[in-house]
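K.L.:
This is the content of data_27.pdb (PDB, C-alpha atoms):
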```pdb
ATOM      1  CA  MET A   1       0.000   0.000   0.000
ATOM      2  CA  LYS A   2       1.331   3.418  -0.913
ATOM      3  CA  PRO A   3       1.921   5.876   1.905
ATOM      4  CA  LYS A   4      -0.599   8.680   2.042
ATOM      5  CA  CYS A   5       0.251  12.323   2.230
ATOM      6  CA  PRO A   6      -0.757  13.468   5.729
ATOM      7  CA  VAL A   7      -1.705  16.852   4.320
ATOM      8  CA  CYS A   8      -4.005  16.017   1.399
ATOM      9  CA  GLY A   9      -4.362  12.221   1.456
ATOM     10  CA  TYR A  10      -2.723  11.542  -1.897
ATOM     11  CA  ALA A  11      -1.275   8.019  -2.263
ATOM     12  CA  MET A  12       2.375   8.910  -2.746
ATOM     13  CA  PRO A  13       4.865   6.646  -4.532
ATOM     14  CA  PHE A  14       7.385   7.377  -1.763
ATOM     15  CA  PRO A  15       7.202   8.119   1.983
ATOM     16  CA  PRO A  16       6.369  11.644   3.171
ATOM     17  CA  GLU A  17       9.896  12.437   4.365
ATOM     18  CA  ASP A  18      13.434  13.274   3.175
ATOM     19  CA  ASN A  19      12.411  16.281   1.081
ATOM     20  CA  ASN A  20       9.994  14.242  -0.994
ATOM     21  CA  ILE A  21       7.310  16.440  -2.498
ATOM     22  CA  CYS A  22       3.657  15.482  -2.729
ATOM     23  CA  SER A  23       2.475  15.761  -6.313
ATOM     24  CA  SER A  24      -1.013  16.655  -5.187
ATOM     25  CA  CYS A  25      -0.544  19.434  -2.639
ATOM     26  CA  GLY A  26       3.120  20.292  -3.149
ATOM     27  CA  THR A  27       4.165  19.778   0.447
ATOM     28  CA  GLU A  28       7.918  19.222   0.739
ATOM     29  CA  PHE A  29       8.376  16.923   3.720
ATOM     30  CA  GLY A  30      11.291  17.832   5.924
ATOM     31  CA  TYR A  31      10.985  21.452   4.854
ATOM     32  CA  ASP A  32       7.381  22.726   4.786
ATOM     33  CA  ASP A  33       6.408  20.681   7.804
ATOM     34  CA  VAL A  34       9.290  21.840   9.983
ATOM     35  CA  ARG A  35       7.622  25.072  11.075
ATOM     36  CA  LYS A  36       4.022  24.381  10.159
ATOM     37  CA  THR A  37       1.648  21.662  11.189
ATOM     38  CA  TYR A  38      -0.055  19.447   8.645
ATOM     39  CA  ASP A  39      -3.318  21.220   9.454
ATOM     40  CA  GLN A  40      -1.791  24.608   8.692
ATOM     41  CA  ILE A  41      -0.293  23.429   5.420
ATOM     42  CA  ARG A  42      -3.597  21.805   4.475
ATOM     43  CA  ARG A  43      -5.550  24.981   5.188
ATOM     44  CA  GLU A  44      -3.181  26.961   2.986
ATOM     45  CA  TRP A  45      -3.521  24.426   0.179
ATOM     46  CA  ILE A  46      -7.306  24.520   0.429
ATOM     47  CA  SER A  47      -7.359  28.322   0.606
ATOM     48  CA  ALA A  48      -5.343  28.410  -2.592
ATOM     49  CA  GLY A  49      -7.974  26.285  -4.318
ATOM     50  CA  ALA A  50      -6.838  22.728  -3.504
ATOM     51  CA  ARG A  51      -5.309  22.424  -6.963
ATOM     52  CA  TRP A  52      -3.077  19.660  -8.307
ATOM     53  CA  PHE A  53       0.509  20.779  -7.692
ATOM     54  CA  SER A  54       2.856  18.850  -9.903
ATOM     55  CA  SER A  55       3.607  19.795 -13.454
ATOM     56  CA  TYR A  56       5.642  16.594 -13.876
ATOM     57  CA  ALA A  57       3.255  13.994 -12.541
ATOM     58  CA  PRO A  58       0.059  14.277 -14.571
ATOM     59  CA  ARG A  59      -3.148  14.902 -12.678
ATOM     60  CA  PRO A  60      -5.033  11.579 -12.498
ATOM     61  CA  LEU A  61      -8.153  11.434 -14.633
ATOM     62  CA  GLY A  62     -11.128  12.362 -12.501
ATOM     63  CA  TRP A  63      -8.910  13.525  -9.648
ATOM     64  CA  ASN A  64     -10.910  15.285  -6.974
ATOM     65  CA  PRO A  65      -9.196  16.809  -3.924
ATOM     66  CA  TRP A  66     -12.248  16.364  -1.680
ATOM     67  CA  MET A  67     -12.767  12.704  -2.589
ATOM     68  CA  GLN A  68      -9.064  12.134  -2.017
ATOM     69  CA  MET A  69      -9.334  13.651   1.453
ATOM     70  CA  ILE A  70     -12.472  11.625   2.245
ATOM     71  CA  GLU A  71     -10.853   8.348   1.208
ATOM     72  CA  ALA A  72      -7.788   9.168   3.307
ATOM     73  CA  GLY A  73      -9.865   9.760   6.434
ATOM     74  CA  LEU A  74      -9.497  13.541   6.253
ATOM     75  CA  ALA A  75     -13.196  14.341   5.776
ATOM     76  CA  TYR A  76     -13.094  16.315   9.036
ATOM     77  CA  ALA A  77     -10.844  18.832   7.315
ATOM     78  CA  LEU A  78     -13.114  19.535   4.352
ATOM     79  CA  PRO A  79     -13.773  23.252   4.018
ATOM     80  CA  PHE A  80     -17.509  22.689   3.760
ATOM     81  CA  GLN A  81     -20.145  20.652   5.473
ATOM     82  CA  ALA A  82     -22.837  18.883   3.556
ATOM     83  CA  GLU A  83     -26.306  17.652   4.342
ATOM     84  CA  VAL A  84     -27.985  15.275   1.937
ATOM     85  CA  HIS A  85     -31.769  15.079   2.025
ATOM     86  CA  LEU A  86     -33.221  12.264  -0.024
ATOM     87  CA  GLN A  87     -36.423  13.191  -1.839
ATOM     88  CA  GLN A  88     -38.854  10.537  -2.934
ATOM     89  CA  PRO A  89     -40.257  10.788  -6.437
ATOM     90  CA  ASN A  90     -43.818  10.032  -7.474
ATOM     91  CA  VAL A  91     -45.012   6.695  -6.257
ATOM     92  CA  SER A  92     -47.647   4.374  -7.635
ATOM     93  CA  ARG A  93     -48.687   1.323  -5.719
ATOM     94  CA  GLY A  94     -50.469  -1.735  -7.002
ATOM     95  CA  LYS A  95     -51.939  -4.902  -5.598
ATOM     96  CA  PHE A  96     -52.829  -8.161  -7.246
ATOM     97  CA  ILE A  97     -56.368  -9.353  -6.698
ATOM     98  CA  ALA A  98     -57.289 -12.750  -7.985
ATOM     99  CA  PRO A  99     -60.084 -12.493 -10.559
ATOM    100  CA  ARG A 100     -63.443 -13.834  -9.510
ATOM    101  CA  PRO A 101     -64.539 -16.965 -11.292
ATOM    102  CA  ASP A 102     -67.349 -16.382 -13.776
ATOM    103  CA  ALA A 103     -69.280 -19.313 -12.415
ATOM    104  CA  ILE A 104     -69.276 -21.290  -9.271
ATOM    105  CA  TYR A 105     -69.085 -25.003  -9.818
ATOM    106  CA  GLU A 106     -70.298 -27.597  -7.447
ATOM    107  CA  ILE A 107     -67.808 -30.239  -6.735
ATOM    108  CA  GLN A 108     -69.091 -33.583  -5.751
ATOM    109  CA  LEU A 109     -66.835 -35.595  -3.667
ATOM    110  CA  THR A 110     -67.179 -39.274  -4.172
TER     111      THR A 110
ATOM    112  CA  MET B   1     -25.387 -11.896 -18.985
ATOM    113  CA  LYS B   2     -28.423  -9.719 -18.723
ATOM    114  CA  CYS B   3     -28.843  -6.987 -16.144
ATOM    115  CA  THR B   4     -32.311  -6.875 -14.643
ATOM    116  CA  ALA B   5     -31.764  -4.303 -11.889
ATOM    117  CA  VAL B   6     -29.474  -1.366 -11.187
ATOM    118  CA  LEU B   7     -30.269   0.651  -8.109
ATOM    119  CA  THR B   8     -28.468   3.378  -6.241
ATOM    120  CA  CYS B   9     -29.233   3.416  -2.551
ATOM    121  CA  GLU B  10     -28.119   4.706   0.793
ATOM    122  CA  LYS B  11     -27.429   1.362   2.388
ATOM    123  CA  ILE B  12     -27.555  -2.372   1.772
ATOM    124  CA  ILE B  13     -27.949  -4.856   4.562
ATOM    125  CA  ILE B  14     -26.693  -8.351   3.812
ATOM    126  CA  ASP B  15     -27.666 -11.036   6.283
ATOM    127  CA  LYS B  16     -25.739 -14.187   7.165
ATOM    128  CA  GLU B  17     -27.379 -16.110   4.344
ATOM    129  CA  GLY B  18     -26.619 -13.422   1.808
ATOM    130  CA  ALA B  19     -30.116 -11.968   1.528
ATOM    131  CA  HIS B  20     -29.849  -8.355   0.397
ATOM    132  CA  SER B  21     -32.058  -5.577   1.754
ATOM    133  CA  ILE B  22     -31.990  -2.291  -0.120
ATOM    134  CA  ILE B  23     -32.367   0.729   2.144
ATOM    135  CA  ASN B  24     -33.464   4.128   0.835
ATOM    136  CA  VAL B  25     -33.305   4.020  -2.938
ATOM    137  CA  MET B  26     -31.543   7.179  -4.078
ATOM    138  CA  LEU B  27     -33.254   8.882  -6.994
ATOM    139  CA  ASN B  28     -33.460  12.509  -5.884
ATOM    140  CA  ALA B  29     -31.153  14.245  -3.428
ATOM    141  CA  GLU B  30     -31.320  17.795  -2.145
ATOM    142  CA  ILE B  31     -28.010  18.983  -0.804
ATOM    143  CA  VAL B  32     -27.096  21.835   1.474
ATOM    144  CA  ILE B  33     -23.450  22.799   1.458
ATOM    145  CA  GLN B  34     -22.055  25.379   3.796
ATOM    146  CA  LYS B  35     -18.568  26.726   3.915
ATOM    147  CA  ILE B  36     -16.669  26.325   7.157
ATOM    148  CA  GLU B  37     -14.684  29.451   7.869
ATOM    149  CA  ALA B  38     -11.666  29.548  10.111
ATOM    150  CA  SER B  39     -14.036  30.511  12.917
ATOM    151  CA  GLN B  40     -15.761  27.135  12.348
ATOM    152  CA  SER B  41     -19.104  28.842  11.825
ATOM    153  CA  PRO B  42     -20.840  27.622   8.693
ATOM    154  CA  LYS B  43     -21.822  30.224   6.146
ATOM    155  CA  GLN B  44     -23.769  30.071   2.939
ATOM    156  CA  MET B  45     -21.451  30.016   0.000
ATOM    157  CA  ALA B  46     -21.311  29.421  -3.673
ATOM    158  CA  VAL B  47     -21.078  25.657  -3.830
ATOM    159  CA  PRO B  48     -17.706  24.413  -5.101
ATOM    160  CA  HIS B  49     -18.510  22.793  -8.413
ATOM    161  CA  ASP B  50     -16.406  19.752  -7.494
ATOM    162  CA  ALA B  51     -17.628  19.409  -3.895
ATOM    163  CA  VAL B  52     -18.156  15.860  -2.652
ATOM    164  CA  ALA B  53     -20.347  14.997   0.325
ATOM    165  CA  PRO B  54     -18.643  12.405   2.520
ATOM    166  CA  ILE B  55     -21.426   9.869   2.614
ATOM    167  CA  VAL B  56     -21.329   6.254   1.563
ATOM    168  CA  TRP B  57     -23.774   5.217  -1.140
ATOM    169  CA  TRP B  58     -24.225   1.933  -2.943
ATOM    170  CA  VAL B  59     -24.922   0.518  -6.363
ATOM    171  CA  TYR B  60     -26.889  -2.734  -6.400
ATOM    172  CA  THR B  61     -27.079  -4.873  -9.519
ATOM    173  CA  VAL B  62     -28.692  -8.158 -10.500
ATOM    174  CA  TRP B  63     -27.358 -10.224 -13.382
ATOM    175  CA  HIS B  64     -29.056 -13.162 -15.050
ATOM    176  CA  PRO B  65     -26.561 -15.411 -16.786
ATOM    177  CA  SER B  66     -26.882 -17.630 -19.804
ATOM    178  CA  PRO B  67     -26.004 -21.313 -19.329
ATOM    179  CA  GLU B  68     -22.618 -20.828 -20.986
ATOM    180  CA  ASP B  69     -21.696 -18.087 -18.472
ATOM    181  CA  ALA B  70     -21.315 -20.477 -15.535
ATOM    182  CA  GLY B  71     -17.727 -20.731 -14.340
ATOM    183  CA  LYS B  72     -16.572 -17.606 -16.141
ATOM    184  CA  ALA B  73     -14.738 -14.711 -14.493
ATOM    185  CA  PHE B  74     -16.186 -11.245 -14.982
ATOM    186  CA  ASP B  75     -15.188  -7.705 -14.164
ATOM    187  CA  GLN B  76     -18.091  -5.418 -13.392
ATOM    188  CA  VAL B  77     -17.132  -1.907 -14.385
ATOM    189  CA  TYR B  78     -18.617   1.042 -12.536
ATOM    190  CA  GLN B  79     -18.440   4.623 -13.725
ATOM    191  CA  ALA B  80     -20.038   7.729 -12.281
ATOM    192  CA  TYR B  81     -20.292  11.049 -14.062
ATOM    193  CA  TRP B  82     -20.918  14.547 -12.779
ATOM    194  CA  PRO B  83     -23.964  16.327 -14.171
ATOM    195  CA  ASN B  84     -21.693  18.317 -16.509
ATOM    196  CA  GLY B  85     -20.398  15.063 -18.020
ATOM    197  CA  ASP B  86     -16.999  14.941 -16.330
ATOM    198  CA  LYS B  87     -16.024  11.554 -14.995
ATOM    199  CA  PHE B  88     -16.214  11.283 -11.213
ATOM    200  CA  MET B  89     -14.970   7.739 -10.712
ATOM    201  CA  GLU B  90     -14.298   4.411 -12.355
ATOM    202  CA  SER B  91     -13.730   1.136 -10.597
ATOM    203  CA  ARG B  92     -14.008  -2.609 -11.132
ATOM    204  CA  LEU B  93     -15.415  -5.503  -9.184
ATOM    205  CA  SER B  94     -14.164  -8.965 -10.120
ATOM    206  CA  PHE B  95     -16.201 -12.120  -9.572
ATOM    207  CA  VAL B  96     -16.506 -15.658 -10.815
ATOM    208  CA  LEU B  97     -19.961 -16.912 -11.649
ATOM    209  CA  LYS B  98     -20.328 -20.202  -9.799
ATOM    210  CA  ASP B  99     -23.433 -21.499 -11.541
ATOM    211  CA  GLU B 100     -26.315 -20.494 -13.778
ATOM    212  CA  GLY B 101     -28.189 -18.766 -10.976
ATOM    213  CA  PRO B 102     -28.721 -15.004 -10.832
ATOM    214  CA  MET B 103     -25.885 -12.914  -9.427
ATOM    215  CA  GLN B 104     -26.225  -9.962  -7.078
ATOM    216  CA  THR B 105     -23.422  -7.444  -6.819
ATOM    217  CA  THR B 106     -22.980  -4.528  -4.474
ATOM    218  CA  PHE B 107     -20.487  -1.723  -4.685
ATOM    219  CA  HIS B 108     -20.078   1.237  -2.383
ATOM    220  CA  ILE B 109     -18.641   4.678  -3.006
ATOM    221  CA  GLY B 110     -17.377   6.847  -0.165
ATOM    222  CA  GLY B 111     -18.482  10.222  -1.475
ATOM    223  CA  LEU B 112     -21.475  11.656  -3.282
ATOM    224  CA  PRO B 113     -20.789  14.275  -5.963
ATOM    225  CA  ALA B 114     -22.628  17.257  -4.554
ATOM    226  CA  GLY B 115     -21.279  20.378  -6.200
ATOM    227  CA  GLN B 116     -23.374  20.387  -9.346
ATOM    228  CA  VAL B 117     -27.089  20.444  -9.952
ATOM    229  CA  GLY B 118     -28.445  17.900 -12.399
ATOM    230  CA  LYS B 119     -28.313  14.203 -13.096
ATOM    231  CA  LEU B 120     -25.486  12.201 -11.621
ATOM    232  CA  LYS B 121     -25.106   9.289 -14.021
ATOM    233  CA  VAL B 122     -23.945   5.818 -13.010
ATOM    234  CA  LEU B 123     -22.942   3.333 -15.695
ATOM    235  CA  THR B 124     -22.159  -0.314 -15.158
ATOM    236  CA  TRP B 125     -21.437  -3.277 -17.386
ATOM    237  CA  LEU B 126     -19.559  -6.561 -17.455
ATOM    238  CA  ASP B 127     -16.220  -7.294 -19.057
ATOM    239  CA  HIS B 128     -14.956 -10.811 -19.731
ATOM    240  CA  GLN B 129     -11.327 -11.271 -20.776
ATOM    241  CA  GLY B 130     -11.042  -7.586 -21.545
ATOM    242  CA  HIS B 131     -14.150  -7.325 -23.680
ATOM    243  CA  ARG B 132     -17.534  -5.947 -22.787
ATOM    244  CA  VAL B 133     -20.078  -8.759 -22.695
ATOM    245  CA  SER B 134     -23.191  -6.977 -21.453
ATOM    246  CA  GLU B 135     -25.262  -3.952 -22.223
ATOM    247  CA  ILE B 136     -24.218  -0.681 -20.604
ATOM    248  CA  ASN B 137     -26.734  -0.124 -17.849
ATOM    249  CA  GLU B 138     -27.559   3.270 -16.398
ATOM    250  CA  ALA B 139     -28.904   4.721 -13.184
ATOM    251  CA  TYR B 140     -29.362   8.344 -12.214
ATOM    252  CA  ILE B 141     -29.509  10.448  -9.089
ATOM    253  CA  ASN B 142     -31.069  13.844  -9.574
ATOM    254  CA  ILE B 143     -29.070  16.356  -7.509
ATOM    255  CA  LYS B 144     -30.618  19.612  -6.351
ATOM    256  CA  HIS B 145     -29.251  22.303  -4.102
ATOM    257  CA  ARG B 146     -31.253  23.661  -1.232
ATOM    258  CA  PRO B 147     -30.403  27.319  -0.619
ATOM    259  CA  THR B 148     -30.722  27.242   3.140
ATOM    260  CA  ALA B 149     -30.738  24.530   5.748
ATOM    261  CA  SER B 150     -34.144  23.660   7.111
ATOM    262  CA  ALA B 151     -35.198  21.349   9.852
ATOM    263  CA  GLY B 152     -37.697  18.564   9.818
ATOM    264  CA  THR B 153     -36.529  16.285   7.058
ATOM    265  CA  PRO B 154     -34.322  13.268   7.417
ATOM    266  CA  ILE B 155     -30.628  13.916   7.051
ATOM    267  CA  ILE B 156     -28.473  11.073   5.962
ATOM    268  CA  ALA B 157     -25.180  12.887   6.162
ATOM    269  CA  TYR B 158     -23.888  15.642   8.299
ATOM    270  CA  THR B 159     -20.222  16.327   8.411
ATOM    271  CA  THR B 160     -18.042  18.849  10.097
TER     272      THR B 160
END
```
As structure tokens, how would this structure be written, given the file I've shared?
P.N.:
Amino acid sequence: MKPKCPVCGYAMPFPPEDNNICSSCGTEFGYDDVRKTYDQIRREWISAGARWFSSYAPRPLGWNPWMQMIEAGLAYALPFQAEVHLQQPNVSRGKFIAPRPDAIYEIQLT
Amino acid sequence: MKCTAVLTCEKIIIDKEGAHSIINVMLNAEIVIQKIEASQSPKQMAVPHDAVAPIVWWVYTVWHPSPEDAGKAFDQVYQAYWPNGDKFMESRLSFVLKDEGPMQTTFHIGGLPAGQVGKLKVLTWLDHQGHRVSEINEAYINIKHRPTASAGTPIIAYTT
């Protein structure tokens, strides 16, 4: 399993240390995180638009910074809160009723 | 393989014997999104067009195989698209069909695309040995935005 960036949740190809730079948020580990906490760096990244950082590593197709954070367990740090209210569409209900026989037959038991 | 059901729902309960119960079919969703400022007080905002609500939702599918499908390995492909047509996700679920009986599959996604109004489209189909072997089946969730939060209706997700 790839190590995840503690700032943005990106699955990095290398550990977040030794001046490695996260392609997603641009955090340089061992430099940016010396005087700032991960939370501070994350807030700055989000304030700047939470954009893909690297110009070398291509942005993954369908990349979404919020989904990345959610999947990494960083949903608490999302800059918005969301409520989802499910609405029910039109409903039609039916019931099967057995048709009445046209005639009633006498059955003789022998 | 023929698909006879594709449903998006809030939850699926699977009992010990494998019986599936579909909870809260998702067809229409009204979403309230509020920005959290540094003060932690939520404020109304223009919704980020790529915002994702951190709720888990599910896609339930039923497949009816042909006799020659028994024993084959399939990949079920899932795709979801934002209302503007951009791809939100793609993933695969691999399974081997044990016999000729119908097959139920479930797949969950950890976030609901919430930033855009319109139809969220879900596509799913089966691949076998790298080739599509079923129709492309579709399901939709109609996303609306509610301008202000209001009380009294069920909330299935609330995050801070």
K.L.:
Any chance you could resolve the ChimeraX specification (/B :<9) & /A against this file and give the residues as a VMD selection string?
P.N.:
chain A and resid 61 to 67 70 to 71 75 to 89
K.L.:
In Å to one decimal, how far is CA of Val133 (chain B) from CA of Ser66 (chain B)?
P.N.:
11.5 Å
K.L.:
Name the residues in contact with Asn19 (chain A) at a cut-off of 8 Å, using all atoms listed in the file, excluding same-chain residues fewer than 6 positions from it; report them as a list in words.
P.N.:
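Returned residues: Glu28, Phe29, Gly30 and Tyr31 of chain A.
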K.L.:
One decimal, Å: what's the distance from CA of Gly9 (chain A) over to CA of Ser24 (chain A), could you say?
P.N.:
8.7 Å
K.L.:
Rounded to one decimal, what separation in Å do you get between CA of Lys121 (chain B) and CA of Val96 (chain B)?
P.N.:
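Between CA of Lys121 (chain B) and CA of Val96 (chain B) the gap works out to 26.6 Å.
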